[in-house]
$ cat run_18.txt   # compact mmCIF, C-alpha atoms
# COMPACT_ATOMS: atom_id res chain seq x y z
CA MET F 267 -8.54 -7.73 -7.51
CA SER F 268 -9.75 -11.11 -6.27
CA THR F 269 -8.25 -12.61 -3.13
CA ALA F 270 -8.66 -16.27 -4.20
CA PRO F 271 -7.61 -18.19 -7.30
CA PRO F 272 -10.05 -17.75 -10.19
CA SER F 273 -12.67 -20.46 -10.56
CA SER F 274 -12.25 -20.56 -14.34
CA ALA F 275 -9.14 -20.93 -16.45
CA PRO F 276 -7.67 -17.89 -18.19
CA PRO F 277 -9.02 -17.17 -21.68
CA LEU F 278 -7.38 -18.96 -24.60
CA ARG F 279 -6.13 -17.29 -27.75
CA PHE F 280 -6.94 -18.45 -31.26
CA TRP F 281 -3.77 -20.54 -31.64
CA SER F 282 -4.36 -22.19 -28.27
CA HIS F 283 -7.79 -23.33 -29.44
CA ALA F 284 -6.34 -24.37 -32.82
CA TRP F 285 -3.62 -26.72 -31.55
CA ARG F 286 -5.95 -28.28 -28.98
CA THR F 287 -8.56 -28.97 -31.66
CA THR F 288 -5.88 -30.38 -33.95
CA ALA F 289 -4.63 -32.68 -31.19
CA VAL F 290 -8.18 -33.92 -30.50
CA VAL F 291 -8.76 -34.70 -34.19
CA ALA F 292 -5.36 -36.40 -34.54
CA ILE F 293 -5.87 -38.61 -31.49
CA GLY F 294 -9.36 -39.52 -32.69
CA LEU F 295 -8.14 -40.50 -36.16
CA LEU F 296 -5.21 -42.51 -34.80
CA THR F 297 -7.46 -44.38 -32.38
CA TRP F 298 -10.10 -45.02 -35.05
CA SER F 299 -7.56 -46.38 -37.55
CA GLY F 300 -5.77 -48.46 -34.89
CA THR F 301 -9.04 -49.96 -33.76
CA ARG F 302 -9.83 -51.05 -37.33
CA THR F 303 -6.50 -52.88 -37.45
CA GLU F 304 -6.67 -54.56 -34.02
CA THR F 305 -10.39 -55.35 -33.91
CA ALA F 306 -11.95 -58.57 -35.05
CA PRO F 307 -13.68 -58.38 -38.46
CA LEU F 308 -16.74 -56.14 -38.31
CA GLU F 309 -19.89 -57.04 -40.18
CA GLY F 310 -23.36 -55.66 -40.79
CA ALA F 311 -24.69 -52.89 -38.60
CA LEU F 312 -21.52 -52.79 -36.49
CA LEU F 313 -19.42 -52.12 -39.58
CA THR F 314 -21.82 -49.37 -40.68
CA TRP F 315 -21.67 -47.83 -37.22
CA PHE F 316 -17.89 -47.95 -37.18
CA GLN F 317 -17.59 -46.27 -40.58
CA ILE F 318 -20.32 -43.64 -40.17
CA GLY F 319 -21.78 -43.43 -36.67
CA ASP F 320 -18.49 -43.58 -34.77
CA PRO F 321 -16.88 -40.61 -36.63
CA LEU F 322 -20.09 -38.56 -36.42
CA LEU F 323 -20.27 -39.13 -32.67
CA GLY F 324 -16.61 -38.09 -32.49
CA VAL F 325 -17.48 -34.80 -34.21
CA VAL F 326 -20.29 -34.24 -31.71
CA CYS F 327 -17.90 -34.81 -28.81
CA LEU F 328 -15.40 -32.44 -30.44
CA LEU F 329 -18.04 -29.71 -30.58
CA LEU F 330 -18.95 -30.36 -26.94
CA THR F 331 -15.35 -29.68 -25.89
CA PHE F 332 -15.84 -25.98 -26.70
CA LEU F 333 -18.21 -25.81 -23.71
CA ARG F 334 -15.83 -27.54 -21.30
CA ARG F 335 -14.75 -24.33 -19.59
CA ARG F 336 -18.28 -23.19 -18.86
CA TYR F 337 -19.58 -26.59 -17.69
CA PRO F 338 -16.43 -28.60 -16.85
CA VAL F 339 -17.98 -31.48 -14.90
CA SER F 340 -21.13 -31.90 -17.02
CA ILE F 341 -19.31 -31.81 -20.37
CA ALA F 342 -16.62 -34.20 -19.13
CA ALA F 343 -19.24 -36.70 -17.95
CA ILE F 344 -21.20 -36.51 -21.24
CA VAL F 345 -18.14 -36.88 -23.46
CA LEU F 346 -16.73 -39.77 -21.42
CA VAL F 347 -20.03 -41.65 -21.59
CA LEU F 348 -20.39 -41.05 -25.35
CA SER F 349 -16.81 -42.22 -25.92
CA THR F 350 -17.95 -45.71 -24.93
CA ALA F 351 -19.57 -46.11 -28.34
CA SER F 352 -17.05 -44.05 -30.31
CA VAL F 353 -13.30 -44.62 -30.33
CA SER F 354 -12.87 -41.47 -32.44
CA SER F 355 -14.06 -39.55 -29.35
CA ASN F 356 -10.98 -40.56 -27.37
CA GLY F 357 -9.22 -37.30 -28.22
CA ALA F 358 -12.19 -35.26 -26.95
CA ALA F 359 -12.36 -37.44 -23.81
CA ALA F 360 -8.68 -36.84 -23.09
CA LEU F 361 -9.13 -33.07 -23.51
CA VAL F 362 -12.16 -32.71 -21.23
CA LEU F 363 -10.58 -34.92 -18.55
CA CYS F 364 -7.33 -32.93 -18.65
CA SER F 365 -9.27 -29.66 -18.59
CA LEU F 366 -11.21 -30.82 -15.53
CA ALA F 367 -7.98 -31.83 -13.79
CA THR F 368 -6.52 -28.32 -14.29
CA ARG F 369 -9.15 -27.02 -11.86
CA ARG F 370 -7.75 -29.45 -9.27
CA ARG F 371 -11.17 -30.57 -8.10
CA TYR F 372 -9.98 -33.88 -6.76
CA PRO F 373 -13.28 -35.69 -6.04
CA GLU F 374 -14.81 -34.94 -9.47
CA THR F 375 -11.53 -35.65 -11.28
CA ILE F 376 -10.98 -39.00 -9.56
CA ALA F 377 -14.60 -40.06 -10.13
CA LEU F 378 -14.55 -39.21 -13.84
CA SER F 379 -11.12 -40.83 -14.25
CA ILE F 380 -12.66 -44.08 -13.02
CA VAL F 381 -15.56 -43.55 -15.45
CA CYS F 382 -13.06 -43.02 -18.27
CA ILE F 383 -11.26 -46.28 -17.47
CA GLY F 384 -14.59 -48.13 -17.21
CA THR F 385 -15.90 -46.83 -20.55
CA GLY F 386 -12.60 -47.72 -22.23
CA LEU F 387 -12.79 -51.27 -20.93
CA LEU F 388 -16.39 -51.60 -22.11
CA THR F 389 -15.43 -50.39 -25.59
CA ASN F 390 -12.54 -52.86 -25.89
CA SER F 391 -14.51 -55.83 -24.54
CA LEU F 392 -18.05 -55.37 -25.88
CA ILE F 393 -18.26 -52.97 -28.81
CA TYR F 394 -14.88 -53.38 -30.51
CA PRO F 395 -13.34 -56.61 -29.14
CA LYS F 396 -9.70 -57.20 -30.03
CA LYS F 397 -8.49 -60.04 -32.21
CA PRO F 398 -7.65 -63.14 -30.19
CA ASP F 399 -4.01 -63.57 -29.14
CA VAL F 400 -3.01 -60.13 -30.49
CA GLN F 401 -2.31 -58.72 -27.01
CA PRO F 402 -2.21 -60.24 -23.52
CA ASP F 403 -5.28 -59.66 -21.39
CA TRP F 404 -3.48 -57.30 -18.98
CA TYR F 405 -2.06 -55.07 -21.70
CA GLY F 406 -5.21 -53.13 -22.59
CA PRO F 407 -6.32 -52.24 -19.03
CA SER F 408 -2.74 -51.34 -18.03
CA VAL F 409 -2.21 -49.01 -20.98
CA LEU F 410 -5.65 -47.44 -20.48
CA THR F 411 -5.04 -46.84 -16.78
CA ALA F 412 -1.55 -45.43 -17.41
CA GLY F 413 -2.91 -43.13 -20.13
CA VAL F 414 -5.68 -41.78 -17.89
CA ALA F 415 -3.19 -41.26 -15.04
CA ALA F 416 -0.85 -39.35 -17.36
CA ILE F 417 -3.69 -37.12 -18.60
CA VAL F 418 -4.79 -36.33 -15.05
CA ALA F 419 -1.19 -35.66 -13.98
CA VAL F 420 -0.70 -33.21 -16.85
CA GLY F 421 -3.94 -31.48 -15.90
CA PHE F 422 -2.88 -31.18 -12.26
CA ALA F 423 0.50 -29.76 -13.33
CA VAL F 424 -1.13 -27.17 -15.59
CA GLY F 425 -3.53 -26.21 -12.81
CA ALA F 426 -0.70 -25.90 -10.30
CA ARG F 427 1.22 -23.63 -12.68
CA ARG F 428 -1.85 -21.47 -13.21
CA ASP F 429 -2.28 -21.11 -9.46
CA LEU F 430 1.40 -20.20 -9.12
CA VAL F 431 1.15 -17.56 -11.85
CA TRP F 432 -2.00 -16.17 -10.24
CA SER F 433 -0.28 -16.07 -6.84
CA LEU F 434 2.75 -14.25 -8.25
CA ARG F 435 0.53 -11.79 -10.10
CA SER F 436 -1.53 -11.25 -6.96
CA ARG F 437 1.60 -10.58 -4.91
CA ALA F 438 2.92 -8.17 -7.53
CA GLU F 439 -0.38 -6.26 -7.60
CA THR F 440 -0.49 -6.20 -3.80
CA ALA F 441 3.08 -4.93 -3.61
CA GLU F 442 2.28 -2.25 -6.20
CA ARG F 443 -0.79 -1.13 -4.24
CA GLU F 444 1.23 -1.03 -1.02
CA GLN F 445 3.92 0.99 -2.75
CA HIS F 446 1.33 3.51 -3.97
CA ALA F 447 -0.15 3.62 -0.46
CA ARG F 448 3.28 4.25 1.08
CA ALA F 449 3.98 6.96 -1.46
CA ALA F 450 0.64 8.62 -0.72
CA GLU F 451 1.29 8.39 3.02
CA ALA F 452 4.76 9.85 2.55
CA ARG F 453 3.32 12.76 0.58
CA LEU F 454 0.71 13.35 3.29
CA LEU F 455 3.33 13.26 6.05
CA GLU F 456 5.50 15.65 4.06
CA ARG F 457 2.59 18.06 3.71
CA HIS F 458 2.02 17.91 7.47
CA ARG F 459 5.70 18.46 8.10
CA ILE F 460 5.77 21.47 5.79
CA ALA F 461 2.66 22.88 7.49
CA ARG F 462 4.24 22.50 10.95
CA GLU F 463 7.51 24.09 9.88
CA MET F 464 5.74 26.97 8.17
CA HIS F 465 3.56 27.57 11.21
CA ASP F 466 6.45 27.44 13.66
CA VAL F 467 8.61 29.79 11.62
CA LEU F 468 6.09 32.30 10.32
CA ALA F 469 3.54 32.54 13.14
CA HIS F 470 6.06 34.10 15.52
CA ARG F 471 7.30 36.72 13.07
CA ILE F 472 3.96 37.56 11.48
CA SER F 473 2.33 38.01 14.88
CA VAL F 474 4.96 40.64 15.74
CA VAL F 475 4.42 42.39 12.41
CA ALA F 476 0.62 42.31 12.82
CA MET F 477 0.78 43.62 16.39
CA HIS F 478 2.98 46.61 15.52
CA ALA F 479 1.06 47.33 12.31
CA GLY F 480 -2.18 47.33 14.30
CA ALA F 481 -0.65 49.68 16.84
CA LEU F 482 0.22 52.15 14.10
CA GLY F 483 -3.39 52.03 12.95
CA PHE F 484 -5.04 53.26 16.15
CA ARG F 485 -2.23 54.87 18.22
CA THR F 486 -2.37 58.57 17.36
CA ASP F 487 -0.20 59.67 20.28
CA LEU F 488 3.03 58.14 19.00
CA THR F 489 5.93 60.48 18.39
CA LYS F 490 7.82 60.52 15.14
CA GLU F 491 10.66 58.55 16.71
CA GLN F 492 8.26 55.91 18.08
CA THR F 493 6.56 55.60 14.72
CA THR F 494 9.92 55.20 13.02
CA ALA F 495 11.01 52.56 15.54
CA THR F 496 7.75 50.65 15.11
CA ALA F 497 8.05 50.73 11.34
CA LYS F 498 11.65 49.55 11.62
CA THR F 499 10.54 46.66 13.83
CA ILE F 500 7.91 45.68 11.26
CA ALA F 501 10.46 45.76 8.45
CA GLU F 502 13.04 43.77 10.44
CA ASN F 503 10.56 41.05 11.41
CA ALA F 504 9.21 40.82 7.85
CA HIS F 505 12.79 40.42 6.62
CA LEU F 506 13.51 37.79 9.27
CA ALA F 507 10.27 35.95 8.34
CA LEU F 508 11.40 35.73 4.73
CA GLN F 509 14.88 34.62 5.76
CA GLU F 510 13.56 31.90 8.07
CA LEU F 511 11.11 30.82 5.38
CA ARG F 512 14.04 30.30 3.00
CA GLU F 513 15.81 28.23 5.66
CA VAL F 514 12.74 26.03 6.18
CA LEU F 515 12.39 25.47 2.46
CA GLY F 516 16.07 24.56 2.34
CA VAL F 517 15.53 21.96 5.06
CA LEU F 518 12.50 20.52 3.29
CA ARG F 519 14.34 20.14 -0.02
CA THR F 520 16.11 17.04 1.21
CA SER F 521 16.11 15.29 -2.14
CA ASP F 522 17.68 18.25 -3.93
CA ASP F 523 20.28 18.68 -1.19
CA ALA F 524 21.19 15.00 -1.43
CA LEU F 525 21.87 15.43 -5.14
CA THR F 526 23.76 18.73 -4.93
CA GLY F 527 25.56 18.05 -1.67
CA THR F 528 24.31 21.32 -0.13
CA PRO F 529 24.32 21.07 3.68
CA GLU F 530 21.09 21.81 5.49
CA PRO F 531 21.02 24.96 7.64
CA PRO F 532 21.20 24.31 11.39
CA GLN F 533 17.90 23.85 13.18
CA PRO F 534 17.10 25.91 16.31
CA THR F 535 17.85 24.35 19.69
CA LEU F 536 17.21 25.25 23.29
CA ALA F 537 20.34 27.41 23.26
CA ASP F 538 18.52 29.82 20.92
CA LEU F 539 15.72 30.32 23.45
CA THR F 540 17.45 33.32 25.02
CA ARG F 541 17.52 35.09 21.67
CA LEU F 542 13.84 34.28 21.19
CA VAL F 543 12.99 35.78 24.60
CA ASP F 544 15.06 38.90 23.85
CA GLU F 545 13.17 39.40 20.61
CA ALA F 546 9.85 39.07 22.46
CA ARG F 547 10.98 41.65 25.02
CA SER F 548 12.09 44.03 22.30
CA ALA F 549 8.58 43.73 20.83
CA GLY F 550 7.14 45.00 24.11
CA MET F 551 6.26 41.73 25.85
CA ASP F 552 6.81 41.13 29.56
CA VAL F 553 8.71 37.83 29.47
CA SER F 554 10.68 36.10 32.22
CA ILE F 555 12.68 32.90 31.76
CA ILE F 556 14.11 30.40 34.23
CA ASP F 557 16.38 27.68 32.90
CA THR F 558 17.72 25.20 35.47
CA THR F 559 19.20 22.72 32.99
CA THR F 560 22.98 22.28 33.03
CA ALA F 561 23.55 19.79 30.23
CA ASP F 562 23.08 19.53 26.48
CA LEU F 563 19.83 18.02 25.30
CA PRO F 564 19.49 15.50 22.45
CA ALA F 565 19.05 17.40 19.19
CA THR F 566 15.47 16.25 18.58
CA SER F 567 14.21 17.06 22.06
CA ALA F 568 16.04 20.39 22.06
CA ARG F 569 14.47 21.43 18.78
CA THR F 570 11.04 20.34 20.01
CA ALA F 571 11.46 22.30 23.26
CA TYR F 572 12.40 25.42 21.31
CA ARG F 573 9.34 25.11 19.07
CA ILE F 574 7.07 24.65 22.10
CA ALA F 575 8.43 27.78 23.79
CA GLN F 576 8.14 29.69 20.51
CA GLU F 577 4.50 28.66 20.10
CA GLY F 578 3.73 29.67 23.70
CA LEU F 579 5.19 33.16 23.17
CA THR F 580 3.40 33.52 19.83
CA ASN F 581 0.03 32.57 21.31
CA ALA F 582 0.54 34.95 24.24
CA ARG F 583 1.32 37.79 21.85
CA LYS F 584 -1.70 37.04 19.64
CA HIS F 585 -4.36 36.25 22.22
CA SER F 586 -3.20 37.86 25.51
CA PRO F 587 -1.76 41.32 24.76
CA GLY F 588 -0.13 43.00 27.72
CA ALA F 589 0.00 39.79 29.76
CA SER F 590 3.13 38.69 31.55
CA VAL F 591 4.68 35.47 30.25
CA ARG F 592 6.71 32.98 32.28
CA VAL F 593 8.99 30.42 30.61
CA ARG F 594 10.54 27.70 32.78
CA ILE F 595 12.88 24.92 31.63
CA ASP F 596 13.66 22.11 34.11
CA GLY F 597 15.25 18.69 33.89
CA GLY F 598 18.45 16.76 33.43
CA PRO F 599 19.93 13.57 31.94
CA GLY F 600 17.97 10.52 33.04
CA GLN F 601 15.02 12.71 33.96
CA ASP F 602 12.25 14.30 31.98
CA LEU F 603 12.68 17.72 30.43
CA THR F 604 9.81 20.04 31.37
CA VAL F 605 8.99 23.07 29.25
CA ASP F 606 6.45 25.29 30.98
CA VAL F 607 5.06 28.41 29.29
CA GLY F 608 2.28 30.35 31.02
CA ASN F 609 0.79 33.78 30.69
CA SER F 610 -1.59 35.84 32.78
CA ALA F 611 -4.95 37.12 31.61
CA PRO F 612 -4.81 39.77 28.88
CA LEU F 613 -4.74 43.39 30.09
CA HIS F 614 -6.61 44.81 27.09
CA PRO F 615 -8.38 43.48 23.99
CA GLY F 616 -6.07 42.18 21.34
CA PHE F 617 -6.03 42.56 17.61
CA ALA F 618 -8.07 40.34 15.32
CA LEU F 619 -5.10 38.23 14.25
CA PRO F 620 -5.83 35.13 12.15
CA SER F 621 -5.46 31.78 13.84
CA SER F 622 -4.88 28.50 12.04
CA GLY F 623 -6.04 26.38 14.96
CA TYR F 624 -3.36 23.76 14.22
CA GLY F 625 -0.40 25.15 16.16
CA LEU F 626 -1.09 23.32 19.41
CA LEU F 627 -2.13 20.16 17.55
CA GLY F 628 1.17 20.24 15.69
CA LEU F 629 3.08 20.68 18.96
CA ALA F 630 1.25 17.72 20.50
CA GLU F 631 2.25 15.60 17.51
CA ARG F 632 5.87 16.77 17.79
CA ALA F 633 5.93 15.86 21.48
CA GLU F 634 4.46 12.42 20.82
CA LEU F 635 6.98 11.72 18.06
CA VAL F 636 9.87 12.16 20.52
CA GLY F 637 8.09 10.14 23.22
CA GLY F 638 6.77 13.08 25.28
CA THR F 639 3.43 14.63 26.19
CA LEU F 640 1.85 18.07 25.88
CA ASP F 641 -0.88 19.61 28.04
CA TYR F 642 -2.46 23.02 27.61
CA GLY F 643 -5.52 24.98 28.67
CA HIS F 644 -6.85 28.05 30.47
CA ASP F 645 -6.41 28.48 34.22
CA ALA F 646 -8.86 29.87 36.77
CA ALA F 647 -7.37 33.39 36.57
CA GLY F 648 -8.03 33.68 32.84
CA GLY F 649 -4.48 32.95 31.75
CA PHE F 650 -3.21 30.18 29.53
CA HIS F 651 -0.84 27.38 30.48
CA LEU F 652 1.29 25.23 28.14
CA ARG F 653 3.34 22.38 29.59
CA ALA F 654 5.38 19.75 27.75
CA VAL F 655 7.29 16.79 29.17
CA LEU F 656 10.00 15.40 26.90
CA PRO F 657 12.38 12.46 27.43
CA TRP F 658 16.02 13.07 28.30
CA PRO F 659 18.04 9.82 28.17
CA ALA F 660 20.67 9.28 30.84
CA ALA F 661 23.20 8.14 28.22
CA VAL F 662 23.62 11.70 26.94
CA ALA F 663 26.88 13.11 28.25
CA THR F 664 26.64 16.24 30.36
CA SER F 665 28.66 19.40 29.98
CA ASP F 666 28.48 22.97 31.21
CA ARG F 667 26.54 25.23 28.97
$ encode --input "run_18.txt" --output "structure tokens"
Amino acid sequence: MSTAPPSSAPPLRFWSHAWRTTAVVAIGLLTWSGTRTETAPLEGALLTWFQIGDPLLGVVCLLLTFLRRRYPVSIAAIVLVLSTASVSSNGAAALVLCSLATRRRYPETIALSIVCIGTGLLTNSLIYPKKPDVQPDWYGPSVLTAGVAAIVAVGFAVGARRDLVWSLRSRAETAEREQHARAAEARLLERHRIAREMHDVLAHRISVVAMHAGALGFRTDLTKEQTTATAKTIAENAHLALQELREVLGVLRTSDDALTGTPEPPQPTLADLTRLVDEARSAGMDVSIIDTTTADLPATSARTAYRIAQEGLTNARKHSPGASVRVRIDGGPGQDLTVDVGNSAPLHPGFALPSSGYGLLGLAERAELVGGTLDYGHDAAGGFHLRAVLPWPAAVATSDR
């Protein structure tokens, strides 16, 4: 779509051309017949010209008006000059001048308006002089000037309306494009949100399932009871993965919940971290946790802290088997909340578990959305360190946990 008003007028339909042509012919005939009445008696060649040449020149000017939109200034100048010798061309002259004025080109319009007044005065004084004492001397120039001014004013008004319609159409198209862009952005953000939620929920459970299933594949020294317990752990975590997947899908179906009135399931908070650590220990991980906080976190920061700790435990299980994991939570109202998850170097090679590569990127985005930061990387001893700093406003009331 163009960003400036169009240089040419919008296309005309058949009936628009028809009534304009009819108006040009009617004005030409009225002017020609009125001139015959008001003009002094014509004789000889002038009479022949008035009866034959004048109407023919009017037809030529009428045909030229069909090119006015392609060559507005040139056609207007030609028709106005020809109208000097043909009063039946006055209708065509009015049309081309009005059409030029619709483009609101002020210098050309003003110049050709002066030409139109000048040619009209020449016609009335030299070619078709009026009868003596029929009209006062000021009447003809005044009416001619007023008529040209009215034609130009109508043209300017039509041009202004066209510009207004174009502006409104341009705004509507821009608003529609912006709406489509917002909808596309919303869909993209929703896809990212779904991907983050799926990763956070499933990566933890599936890593446990994969670790125990891999152990069953190469551990031949397991007793029947150990094999049964491992299989039970796999089944329980697969069941929990499906259950948590249903909960995530329930949270993501916000539009359906709004219609049905179904409440969303509660999201995990920092209070659920103890349960997460117990599950990791039951899976055979060496996990220690230190929590020095004594107040309730804002819901968003608490949920983000839980997801960060969950991702740290999941990565340790996948990439550092046998390593010890340390989880530390520090902070208070008016201070920053620090979530620190670190693990030592792996004690033995791990299983070839798939990695999406987007877990830490998703956590960094989560931390930024709540106004925090996330740092991670390997340390000199071969371990991995994950540290997040999240805001904790002082306005949040404190209470014993």
$ closest_residue --input "run_18.txt" --among "F:Ser554, F:Thr559, F:Thr570, F:Gln601" --to "Thr535 (chain F)" --atoms "only C-alpha atoms"
F:Thr570
$ atom_distance --input "run_18.txt" --atom1 "CA of Ala358 (chain F)" --atom2 "CA of Cys327 (chain F)"
6.0 Å
$ closest_residue --input "run_18.txt" --among "F:Thr301, F:Ser379, F:Thr287, F:Thr314" --to "Tyr394 (chain F)" --atoms "all atoms listed in the file"
F:Thr301
$ residues_around --input "run_18.txt" --residues "Gly638 (chain F)" --least-positions-apart "2" --cutoff "9 Å" --atoms "all atoms listed in the file" --output "list in words"
Asp602, Ala630, Arg632, Ala633, Glu634, Leu635, Val636, Leu640, Ala654, Val655, Leu656 and Pro657 of chain F
$ atom_distance --input "run_18.txt" --atom1 "CA of Pro395 (chain F)" --atom2 "CA of Pro307 (chain F)"
9.5 Å
$ axis_aligned_box --input "run_18.txt" --around "region 445-452 of chain F" --padding-each-side "8 Å" --output "lines of an AutoDock Vina configuration file"
center_x = 2.3
center_y = 5.4
center_z = -0.5
size_x = 20.9
size_y = 24.9
size_z = 23.0
$ closest_residue --input "run_18.txt" --among "F:Pro338, F:Gly648, F:Gly637, F:Gly384" --to "His585 (chain F)" --atoms "all atoms listed in the file"
F:Gly648
$ atom_distance --input "run_18.txt" --atom1 "CA of Thr350 (chain F)" --atom2 "CA of Ala416 (chain F)"
19.8 Å
$ residues_around --input "run_18.txt" --residues "Leu579 (chain F)" --least-positions-apart "4" --cutoff "8 Å" --atoms "all atoms listed in the file" --output "list in words"
His470, Ala546, Ala575, Arg583, Val591 and Val607 of chain F
$ residues_around --input "run_18.txt" --residues "Pro407 (chain F)" --least-positions-apart "5" --cutoff "12 Å" --atoms "all atoms listed in the file" --output "number ranges by chain"
F: 380, 382-391, 401-402, 412-414
$ residues_around --input "run_18.txt" --residues "region 538-543 of chain F" --least-positions-apart "6" --cutoff "10 Å" --atoms "all atoms listed in the file" --output "PDB file with C-alpha atoms, keeping the file's coordinate frame"
ATOM      1  CA  HIS F 470       6.060  34.100  15.520  1.00  0.00           C
ATOM      2  CA  ALA F 549       8.580  43.730  20.830  1.00  0.00           C
ATOM      3  CA  MET F 551       6.260  41.730  25.850  1.00  0.00           C
ATOM      4  CA  ASP F 552       6.810  41.130  29.560  1.00  0.00           C
ATOM      5  CA  VAL F 553       8.710  37.830  29.470  1.00  0.00           C
ATOM      6  CA  SER F 554      10.680  36.100  32.220  1.00  0.00           C
ATOM      7  CA  ILE F 555      12.680  32.900  31.760  1.00  0.00           C
ATOM      8  CA  ASP F 557      16.380  27.680  32.900  1.00  0.00           C
ATOM      9  CA  ALA F 568      16.040  20.390  22.060  1.00  0.00           C
ATOM     10  CA  ARG F 569      14.470  21.430  18.780  1.00  0.00           C
ATOM     11  CA  ALA F 571      11.460  22.300  23.260  1.00  0.00           C
ATOM     12  CA  TYR F 572      12.400  25.420  21.310  1.00  0.00           C
ATOM     13  CA  ARG F 573       9.340  25.110  19.070  1.00  0.00           C
ATOM     14  CA  ALA F 575       8.430  27.780  23.790  1.00  0.00           C
ATOM     15  CA  GLN F 576       8.140  29.690  20.510  1.00  0.00           C
ATOM     16  CA  LEU F 579       5.190  33.160  23.170  1.00  0.00           C
ATOM     17  CA  VAL F 593       8.990  30.420  30.610  1.00  0.00           C
TER      18      VAL F 593
END
$ residues_around --input "run_18.txt" --residues "region 363-377 of chain F" --least-positions-apart "3" --cutoff "8 Å" --atoms "all atoms listed in the file" --output "PyMOL selection string"
chain F and resi 273-275+334-335+338-339+342+359-360+380-381+417-426
$ write_last_selection --input "run_18.txt" --atoms "C-alpha atoms" --output "PDB file, keeping the file's coordinate frame"
ATOM      1  CA  SER F 273     -12.670 -20.460 -10.560  1.00  0.00           C
ATOM      2  CA  SER F 274     -12.250 -20.560 -14.340  1.00  0.00           C
ATOM      3  CA  ALA F 275      -9.140 -20.930 -16.450  1.00  0.00           C
ATOM      4  CA  ARG F 334     -15.830 -27.540 -21.300  1.00  0.00           C
ATOM      5  CA  ARG F 335     -14.750 -24.330 -19.590  1.00  0.00           C
ATOM      6  CA  PRO F 338     -16.430 -28.600 -16.850  1.00  0.00           C
ATOM      7  CA  VAL F 339     -17.980 -31.480 -14.900  1.00  0.00           C
ATOM      8  CA  ALA F 342     -16.620 -34.200 -19.130  1.00  0.00           C
ATOM      9  CA  ALA F 359     -12.360 -37.440 -23.810  1.00  0.00           C
ATOM     10  CA  ALA F 360      -8.680 -36.840 -23.090  1.00  0.00           C
ATOM     11  CA  ILE F 380     -12.660 -44.080 -13.020  1.00  0.00           C
ATOM     12  CA  VAL F 381     -15.560 -43.550 -15.450  1.00  0.00           C
ATOM     13  CA  ILE F 417      -3.690 -37.120 -18.600  1.00  0.00           C
ATOM     14  CA  VAL F 418      -4.790 -36.330 -15.050  1.00  0.00           C
ATOM     15  CA  ALA F 419      -1.190 -35.660 -13.980  1.00  0.00           C
ATOM     16  CA  VAL F 420      -0.700 -33.210 -16.850  1.00  0.00           C
ATOM     17  CA  GLY F 421      -3.940 -31.480 -15.900  1.00  0.00           C
ATOM     18  CA  PHE F 422      -2.880 -31.180 -12.260  1.00  0.00           C
ATOM     19  CA  ALA F 423       0.500 -29.760 -13.330  1.00  0.00           C
ATOM     20  CA  VAL F 424      -1.130 -27.170 -15.590  1.00  0.00           C
ATOM     21  CA  GLY F 425      -3.530 -26.210 -12.810  1.00  0.00           C
ATOM     22  CA  ALA F 426      -0.700 -25.900 -10.300  1.00  0.00           C
TER      23      ALA F 426
END
$ closest_residue --input "run_18.txt" --among "F:Arg435, F:Lys498, F:Arg302, F:Arg653" --to "Lys396 (chain F)" --atoms "all atoms listed in the file"
F:Arg302
$ closest_residue --input "run_18.txt" --among "F:Ala284, F:Val347, F:Val353, F:Ala504" --to "Gln317 (chain F)" --atoms "all atoms listed in the file"
F:Val353
$ closest_residue --input "run_18.txt" --among "F:Gly550, F:His505, F:Ala537, F:Glu631" --to "His478 (chain F)" --atoms "only C-alpha atoms"
F:Gly550
